[in-house]
Amino acid sequence: MGAHEYQKLEVWQRAVELAVTNYELITQLPKTEQFALADQMKRAAVSVASNIAEGQKRFGNKDTIRFNDIALGSLAELETQVITAQKVYRLPADEILKECAIISRMLHALNGSLRSKNAN
(Lines give C-alpha, C1' and ligand atoms only; values in the text may rest on other atoms or scores of the structure.)
Protein backbone atom coordinates (compact mmCIF):
# COMPACT_ATOMS: atom_id res chain seq x y z
CA MET A 1 0.00 0.00 0.00
CA GLY A 2 1.14 3.52 -0.78
CA ALA A 3 1.79 6.32 1.66
CA HIS A 4 -1.83 6.91 2.61
CA GLU A 5 -3.63 4.06 0.88
CA TYR A 6 -5.31 3.02 4.13
CA GLN A 7 -7.35 6.24 3.88
CA LYS A 8 -9.09 4.75 0.84
CA LEU A 9 -10.43 1.83 2.89
CA GLU A 10 -14.11 2.24 3.63
CA VAL A 11 -13.66 0.59 7.03
CA TRP A 12 -11.03 3.18 8.02
CA GLN A 13 -13.20 6.05 6.73
CA ARG A 14 -16.17 4.77 8.72
CA ALA A 15 -14.01 4.35 11.83
CA VAL A 16 -12.89 7.99 11.58
CA GLU A 17 -16.50 9.13 11.20
CA LEU A 18 -17.42 6.96 14.18
CA ALA A 19 -14.81 8.78 16.27
CA VAL A 20 -16.20 12.15 15.17
CA THR A 21 -19.77 11.12 16.01
CA ASN A 22 -18.56 9.76 19.34
CA TYR A 23 -16.91 13.09 20.18
CA GLU A 24 -20.25 14.79 19.44
CA LEU A 25 -22.05 12.35 21.75
CA ILE A 26 -19.53 12.95 24.52
CA THR A 27 -20.46 16.64 24.63
CA GLN A 28 -23.83 15.51 25.98
CA LEU A 29 -22.28 13.83 29.01
CA PRO A 30 -22.40 15.70 32.31
CA LYS A 31 -19.26 17.55 33.40
CA THR A 32 -18.68 14.91 36.10
CA GLU A 33 -17.89 12.40 33.33
CA GLN A 34 -15.44 14.54 31.33
CA PHE A 35 -12.37 12.94 32.89
CA ALA A 36 -13.67 9.42 33.34
CA LEU A 37 -16.13 7.86 30.90
CA ALA A 38 -15.67 10.58 28.25
CA ASP A 39 -11.91 10.12 28.23
CA GLN A 40 -12.24 6.35 27.86
CA MET A 41 -14.76 6.76 25.04
CA LYS A 42 -12.42 9.14 23.19
CA ARG A 43 -9.44 6.82 23.48
CA ALA A 44 -11.40 3.73 22.40
CA ALA A 45 -12.95 5.49 19.39
CA VAL A 46 -9.68 6.94 18.12
CA SER A 47 -7.97 3.59 18.65
CA VAL A 48 -10.24 1.84 16.13
CA ALA A 49 -9.18 3.90 13.11
CA SER A 50 -5.61 4.22 14.39
CA ASN A 51 -5.11 0.47 14.60
CA ILE A 52 -6.63 -0.10 11.16
CA ALA A 53 -4.16 2.43 9.74
CA GLU A 54 -1.21 0.98 11.63
CA GLY A 55 -2.06 -2.53 10.50
CA GLN A 56 -2.13 -1.42 6.88
CA LYS A 57 1.39 -0.03 7.25
CA ARG A 58 2.81 -3.29 8.56
CA PHE A 59 4.52 -5.87 6.42
CA GLY A 60 2.53 -9.03 5.94
CA ASN A 61 -1.03 -10.09 6.50
CA LYS A 62 -0.36 -11.53 9.97
CA ASP A 63 0.53 -8.09 11.35
CA THR A 64 -2.42 -6.48 9.58
CA ILE A 65 -4.77 -9.09 11.05
CA ARG A 66 -3.30 -8.53 14.52
CA PHE A 67 -3.89 -4.78 14.35
CA ASN A 68 -7.40 -5.31 12.97
CA ASP A 69 -8.03 -7.58 15.95
CA ILE A 70 -6.84 -4.80 18.28
CA ALA A 71 -9.22 -2.43 16.46
CA LEU A 72 -12.03 -4.92 17.08
CA GLY A 73 -11.16 -4.95 20.78
CA SER A 74 -11.25 -1.16 20.92
CA LEU A 75 -14.57 -1.23 19.08
CA ALA A 76 -15.99 -3.61 21.71
CA GLU A 77 -14.74 -1.27 24.46
CA LEU A 78 -16.42 1.68 22.78
CA GLU A 79 -19.69 -0.22 22.35
CA THR A 80 -19.67 -1.10 26.05
CA GLN A 81 -18.96 2.49 27.07
CA VAL A 82 -21.62 3.87 24.73
CA ILE A 83 -24.21 1.38 26.01
CA THR A 84 -23.32 2.36 29.57
CA ALA A 85 -23.64 6.08 28.78
CA GLN A 86 -26.90 5.42 26.97
CA LYS A 87 -28.37 3.57 29.95
CA VAL A 88 -27.12 5.91 32.67
CA TYR A 89 -27.59 9.25 30.92
CA ARG A 90 -30.27 8.36 28.35
CA LEU A 91 -28.06 9.50 25.48
CA PRO A 92 -29.21 8.97 21.88
CA ALA A 93 -26.58 6.45 20.86
CA ASP A 94 -28.40 4.02 18.56
CA GLU A 95 -26.67 5.32 15.43
CA ILE A 96 -23.22 4.88 16.98
CA LEU A 97 -24.08 1.34 18.00
CA LYS A 98 -25.33 0.53 14.49
CA GLU A 99 -22.11 1.90 13.02
CA CYS A 100 -20.05 -0.16 15.48
CA ALA A 101 -21.83 -3.29 14.25
CA ILE A 102 -21.13 -2.39 10.61
CA ILE A 103 -17.46 -1.69 11.26
CA SER A 104 -17.16 -4.93 13.23
CA ARG A 105 -18.57 -6.93 10.30
CA MET A 106 -16.24 -5.15 7.89
CA LEU A 107 -13.17 -5.88 10.02
CA HIS A 108 -14.14 -9.54 10.41
CA ALA A 109 -14.60 -9.80 6.63
CA LEU A 110 -11.28 -8.09 5.98
CA ASN A 111 -9.50 -10.43 8.39
CA GLY A 112 -11.20 -13.42 6.82
CA SER A 113 -9.96 -12.34 3.41
CA LEU A 114 -6.43 -11.81 4.71
CA ARG A 115 -6.45 -15.20 6.46
CA SER A 116 -7.54 -16.95 3.27
CA LYS A 117 -4.66 -15.26 1.40
CA ASN A 118 -2.26 -16.59 4.06
CA ALA A 119 -3.65 -20.11 3.60
CA ASN A 120 -2.91 -20.09 -0.15
# chains A, B, ... in the order shown; residues from 1 in each chain; ligands from 1
call {"tool": "closest_atom_pairs", "arguments": {"of": "stretch 2-51 of chain A", "to": "stretch 78-88 of chain A", "cutoff": "12 Å", "atoms": "only C-alpha atoms", "output": "JSON lines"}}
result
{"residue": "A:Ala15", "atom": "CA", "partner": "A:Leu78", "partner_atom": "CA", "distance": 11.5}
{"residue": "A:Leu18", "atom": "CA", "partner": "A:Leu78", "partner_atom": "CA", "distance": 10.1}
{"residue": "A:Ala19", "atom": "CA", "partner": "A:Leu78", "partner_atom": "CA", "distance": 9.8}
{"residue": "A:Thr21", "atom": "CA", "partner": "A:Val82", "partner_atom": "CA", "distance": 11.5}
{"residue": "A:Asn22", "atom": "CA", "partner": "A:Val82", "partner_atom": "CA", "distance": 8.6}
{"residue": "A:Tyr23", "atom": "CA", "partner": "A:Val82", "partner_atom": "CA", "distance": 11.3}
{"residue": "A:Leu25", "atom": "CA", "partner": "A:Val82", "partner_atom": "CA", "distance": 9.0}
{"residue": "A:Ile26", "atom": "CA", "partner": "A:Ala85", "partner_atom": "CA", "distance": 9.1}
{"residue": "A:Thr27", "atom": "CA", "partner": "A:Ala85", "partner_atom": "CA", "distance": 11.8}
{"residue": "A:Gln28", "atom": "CA", "partner": "A:Ala85", "partner_atom": "CA", "distance": 9.8}
{"residue": "A:Leu29", "atom": "CA", "partner": "A:Ala85", "partner_atom": "CA", "distance": 7.9}
{"residue": "A:Pro30", "atom": "CA", "partner": "A:Ala85", "partner_atom": "CA", "distance": 10.3}
{"residue": "A:Glu33", "atom": "CA", "partner": "A:Ala85", "partner_atom": "CA", "distance": 9.7}
{"residue": "A:Ala36", "atom": "CA", "partner": "A:Gln81", "partner_atom": "CA", "distance": 10.7}
{"residue": "A:Leu37", "atom": "CA", "partner": "A:Gln81", "partner_atom": "CA", "distance": 7.2}
{"residue": "A:Ala38", "atom": "CA", "partner": "A:Gln81", "partner_atom": "CA", "distance": 8.8}
{"residue": "A:Asp39", "atom": "CA", "partner": "A:Gln81", "partner_atom": "CA", "distance": 10.5}
{"residue": "A:Gln40", "atom": "CA", "partner": "A:Gln81", "partner_atom": "CA", "distance": 7.8}
{"residue": "A:Met41", "atom": "CA", "partner": "A:Leu78", "partner_atom": "CA", "distance": 5.8}
{"residue": "A:Lys42", "atom": "CA", "partner": "A:Leu78", "partner_atom": "CA", "distance": 8.5}
{"residue": "A:Arg43", "atom": "CA", "partner": "A:Leu78", "partner_atom": "CA", "distance": 8.7}
{"residue": "A:Ala44", "atom": "CA", "partner": "A:Leu78", "partner_atom": "CA", "distance": 5.4}
{"residue": "A:Ala45", "atom": "CA", "partner": "A:Leu78", "partner_atom": "CA", "distance": 6.2}
{"residue": "A:Val46", "atom": "CA", "partner": "A:Leu78", "partner_atom": "CA", "distance": 9.7}
{"residue": "A:Ser47", "atom": "CA", "partner": "A:Leu78", "partner_atom": "CA", "distance": 9.6}
{"residue": "A:Val48", "atom": "CA", "partner": "A:Leu78", "partner_atom": "CA", "distance": 9.1}
call {"tool": "residues_around", "arguments": {"residues": "stretch 52-57 of chain A", "least_positions_apart": "5", "cutoff": "10 Å", "atoms": "only C-alpha atoms", "output": "list in words"}}
result
Met1, Gly2, Ala3, His4, Glu5, Tyr6, Gln7, Leu9, Val11, Trp12, Ala15, Ser47, Lys62, Asp63, Thr64, Ile65, Arg66, Phe67, Asn68, Asp69, Ile70, Ala71, Leu72 and Leu107 of chain A
call {"tool": "atom_distance", "arguments": {"atom1": "atom CA of A:Leu97", "atom2": "atom CA of A:Leu114"}}
result
25.7 Å
call {"tool": "atom_distance", "arguments": {"atom1": "atom CA of A:Gly73", "atom2": "atom CA of A:His108"}}
result
11.7 Å
call {"tool": "select_by_dssp", "arguments": {"residues": "chain A", "states": "helix (DSSP H, G or I)", "output": "number ranges by chain"}}
result
A: 5-8, 10-26, 31-33, 37-57, 61-89, 94-119
call {"tool": "closest_residue", "arguments": {"among": "A:Gln13, A:Asn61, A:Gln34, A:Asn51", "to": "A:Gly112", "atoms": "only C-alpha atoms"}}
result
A:Asn61
call {"tool": "atom_distance", "arguments": {"atom1": "atom CA of A:Ile103", "atom2": "atom CA of A:Ser74"}}
result
11.5 Å
call {"tool": "decode", "arguments": {"residues": "stretch 10-35 of chain A", "atoms": "N, CA, C and O atoms", "output": "PDB file, in the first residue's frame"}}
result
ATOM      1  N   GLU A  10     -12.823   1.815   3.078  1.00  0.00           N
ATOM      2  CA  GLU A  10     -14.111   2.242   3.633  1.00  0.00           C
ATOM      3  C   GLU A  10     -14.173   1.999   5.142  1.00  0.00           C
ATOM      4  O   GLU A  10     -14.717   2.820   5.887  1.00  0.00           O
ATOM      5  N   VAL A  11     -13.602   0.897   5.602  1.00  0.00           N
ATOM      6  CA  VAL A  11     -13.665   0.587   7.029  1.00  0.00           C
ATOM      7  C   VAL A  11     -12.903   1.648   7.839  1.00  0.00           C
ATOM      8  O   VAL A  11     -13.344   2.041   8.917  1.00  0.00           O
ATOM      9  N   TRP A  12     -11.778   2.123   7.329  1.00  0.00           N
ATOM     10  CA  TRP A  12     -11.027   3.180   8.023  1.00  0.00           C
ATOM     11  C   TRP A  12     -11.829   4.480   8.013  1.00  0.00           C
ATOM     12  O   TRP A  12     -11.940   5.158   9.029  1.00  0.00           O
ATOM     13  N   GLN A  13     -12.400   4.826   6.842  1.00  0.00           N
ATOM     14  CA  GLN A  13     -13.204   6.047   6.731  1.00  0.00           C
ATOM     15  C   GLN A  13     -14.370   6.028   7.712  1.00  0.00           C
ATOM     16  O   GLN A  13     -14.657   7.023   8.383  1.00  0.00           O
ATOM     17  N   ARG A  14     -15.023   4.884   7.803  1.00  0.00           N
ATOM     18  CA  ARG A  14     -16.168   4.766   8.723  1.00  0.00           C
ATOM     19  C   ARG A  14     -15.703   4.861  10.177  1.00  0.00           C
ATOM     20  O   ARG A  14     -16.392   5.431  11.020  1.00  0.00           O
ATOM     21  N   ALA A  15     -14.535   4.295  10.462  1.00  0.00           N
ATOM     22  CA  ALA A  15     -14.010   4.353  11.826  1.00  0.00           C
ATOM     23  C   ALA A  15     -13.683   5.798  12.224  1.00  0.00           C
ATOM     24  O   ALA A  15     -13.916   6.197  13.369  1.00  0.00           O
ATOM     25  N   VAL A  16     -13.157   6.573  11.293  1.00  0.00           N
ATOM     26  CA  VAL A  16     -12.885   7.990  11.578  1.00  0.00           C
ATOM     27  C   VAL A  16     -14.198   8.730  11.835  1.00  0.00           C
ATOM     28  O   VAL A  16     -14.316   9.500  12.801  1.00  0.00           O
ATOM     29  N   GLU A  17     -15.193   8.486  11.003  1.00  0.00           N
ATOM     30  CA  GLU A  17     -16.497   9.129  11.204  1.00  0.00           C
ATOM     31  C   GLU A  17     -17.137   8.698  12.522  1.00  0.00           C
ATOM     32  O   GLU A  17     -17.795   9.499  13.193  1.00  0.00           O
ATOM     33  N   LEU A  18     -16.925   7.443  12.889  1.00  0.00           N
ATOM     34  CA  LEU A  18     -17.417   6.960  14.184  1.00  0.00           C
ATOM     35  C   LEU A  18     -16.788   7.758  15.321  1.00  0.00           C
ATOM     36  O   LEU A  18     -17.475   8.157  16.262  1.00  0.00           O
ATOM     37  N   ALA A  19     -15.490   7.999  15.235  1.00  0.00           N
ATOM     38  CA  ALA A  19     -14.805   8.778  16.270  1.00  0.00           C
ATOM     39  C   ALA A  19     -15.377  10.189  16.352  1.00  0.00           C
ATOM     40  O   ALA A  19     -15.615  10.711  17.452  1.00  0.00           O
ATOM     41  N   VAL A  20     -15.638  10.796  15.199  1.00  0.00           N
ATOM     42  CA  VAL A  20     -16.203  12.150  15.174  1.00  0.00           C
ATOM     43  C   VAL A  20     -17.588  12.154  15.822  1.00  0.00           C
ATOM     44  O   VAL A  20     -17.891  12.999  16.670  1.00  0.00           O
ATOM     45  N   THR A  21     -18.422  11.213  15.441  1.00  0.00           N
ATOM     46  CA  THR A  21     -19.765  11.117  16.015  1.00  0.00           C
ATOM     47  C   THR A  21     -19.694  10.865  17.516  1.00  0.00           C
ATOM     48  O   THR A  21     -20.484  11.419  18.294  1.00  0.00           O
ATOM     49  N   ASN A  22     -18.748  10.045  17.921  1.00  0.00           N
ATOM     50  CA  ASN A  22     -18.557   9.759  19.339  1.00  0.00           C
ATOM     51  C   ASN A  22     -18.188  11.030  20.109  1.00  0.00           C
ATOM     52  O   ASN A  22     -18.710  11.280  21.188  1.00  0.00           O
ATOM     53  N   TYR A  23     -17.288  11.824  19.544  1.00  0.00           N
ATOM     54  CA  TYR A  23     -16.915  13.088  20.183  1.00  0.00           C
ATOM     55  C   TYR A  23     -18.138  13.984  20.355  1.00  0.00           C
ATOM     56  O   TYR A  23     -18.292  14.660  21.374  1.00  0.00           O
ATOM     57  N   GLU A  24     -19.017  13.991  19.350  1.00  0.00           N
ATOM     58  CA  GLU A  24     -20.248  14.786  19.443  1.00  0.00           C
ATOM     59  C   GLU A  24     -21.151  14.262  20.558  1.00  0.00           C
ATOM     60  O   GLU A  24     -21.750  15.049  21.299  1.00  0.00           O
ATOM     61  N   LEU A  25     -21.246  12.951  20.688  1.00  0.00           N
ATOM     62  CA  LEU A  25     -22.052  12.354  21.746  1.00  0.00           C
ATOM     63  C   LEU A  25     -21.493  12.706  23.126  1.00  0.00           C
ATOM     64  O   LEU A  25     -22.239  13.015  24.045  1.00  0.00           O
ATOM     65  N   ILE A  26     -20.189  12.688  23.244  1.00  0.00           N
ATOM     66  CA  ILE A  26     -19.528  12.952  24.521  1.00  0.00           C
ATOM     67  C   ILE A  26     -19.882  14.339  25.066  1.00  0.00           C
ATOM     68  O   ILE A  26     -19.966  14.529  26.270  1.00  0.00           O
ATOM     69  N   THR A  27     -20.120  15.288  24.168  1.00  0.00           N
ATOM     70  CA  THR A  27     -20.465  16.641  24.634  1.00  0.00           C
ATOM     71  C   THR A  27     -21.775  16.657  25.414  1.00  0.00           C
ATOM     72  O   THR A  27     -22.040  17.610  26.146  1.00  0.00           O
ATOM     73  N   GLN A  28     -22.562  15.598  25.272  1.00  0.00           N
ATOM     74  CA  GLN A  28     -23.831  15.514  25.985  1.00  0.00           C
ATOM     75  C   GLN A  28     -23.693  14.890  27.373  1.00  0.00           C
ATOM     76  O   GLN A  28     -24.661  14.853  28.130  1.00  0.00           O
ATOM     77  N   LEU A  29     -22.504  14.395  27.679  1.00  0.00           N
ATOM     78  CA  LEU A  29     -22.283  13.828  29.011  1.00  0.00           C
ATOM     79  C   LEU A  29     -22.166  14.952  30.034  1.00  0.00           C
ATOM     80  O   LEU A  29     -21.703  16.048  29.714  1.00  0.00           O
ATOM     81  N   PRO A  30     -22.553  14.666  31.275  1.00  0.00           N
ATOM     82  CA  PRO A  30     -22.395  15.699  32.307  1.00  0.00           C
ATOM     83  C   PRO A  30     -20.919  15.977  32.584  1.00  0.00           C
ATOM     84  O   PRO A  30     -20.049  15.148  32.312  1.00  0.00           O
ATOM     85  N   LYS A  31     -20.639  17.141  33.102  1.00  0.00           N
ATOM     86  CA  LYS A  31     -19.257  17.554  33.402  1.00  0.00           C
ATOM     87  C   LYS A  31     -18.555  16.552  34.314  1.00  0.00           C
ATOM     88  O   LYS A  31     -17.350  16.378  34.216  1.00  0.00           O
ATOM     89  N   THR A  32     -19.287  15.878  35.173  1.00  0.00           N
ATOM     90  CA  THR A  32     -18.676  14.912  36.096  1.00  0.00           C
ATOM     91  C   THR A  32     -18.041  13.734  35.369  1.00  0.00           C
ATOM     92  O   THR A  32     -17.223  13.026  35.938  1.00  0.00           O
ATOM     93  N   GLU A  33     -18.416  13.529  34.106  1.00  0.00           N
ATOM     94  CA  GLU A  33     -17.885  12.405  33.325  1.00  0.00           C
ATOM     95  C   GLU A  33     -16.761  12.811  32.366  1.00  0.00           C
ATOM     96  O   GLU A  33     -16.207  11.958  31.685  1.00  0.00           O
ATOM     97  N   GLN A  34     -16.413  14.072  32.320  1.00  0.00           N
ATOM     98  CA  GLN A  34     -15.443  14.538  31.329  1.00  0.00           C
ATOM     99  C   GLN A  34     -14.055  13.936  31.499  1.00  0.00           C
ATOM    100  O   GLN A  34     -13.305  13.862  30.542  1.00  0.00           O
ATOM    101  N   PHE A  35     -13.702  13.509  32.693  1.00  0.00           N
ATOM    102  CA  PHE A  35     -12.367  12.936  32.895  1.00  0.00           C
ATOM    103  C   PHE A  35     -12.415  11.445  33.204  1.00  0.00           C
ATOM    104  O   PHE A  35     -11.416  10.854  33.542  1.00  0.00           O
TER     105      PHE A  35
END
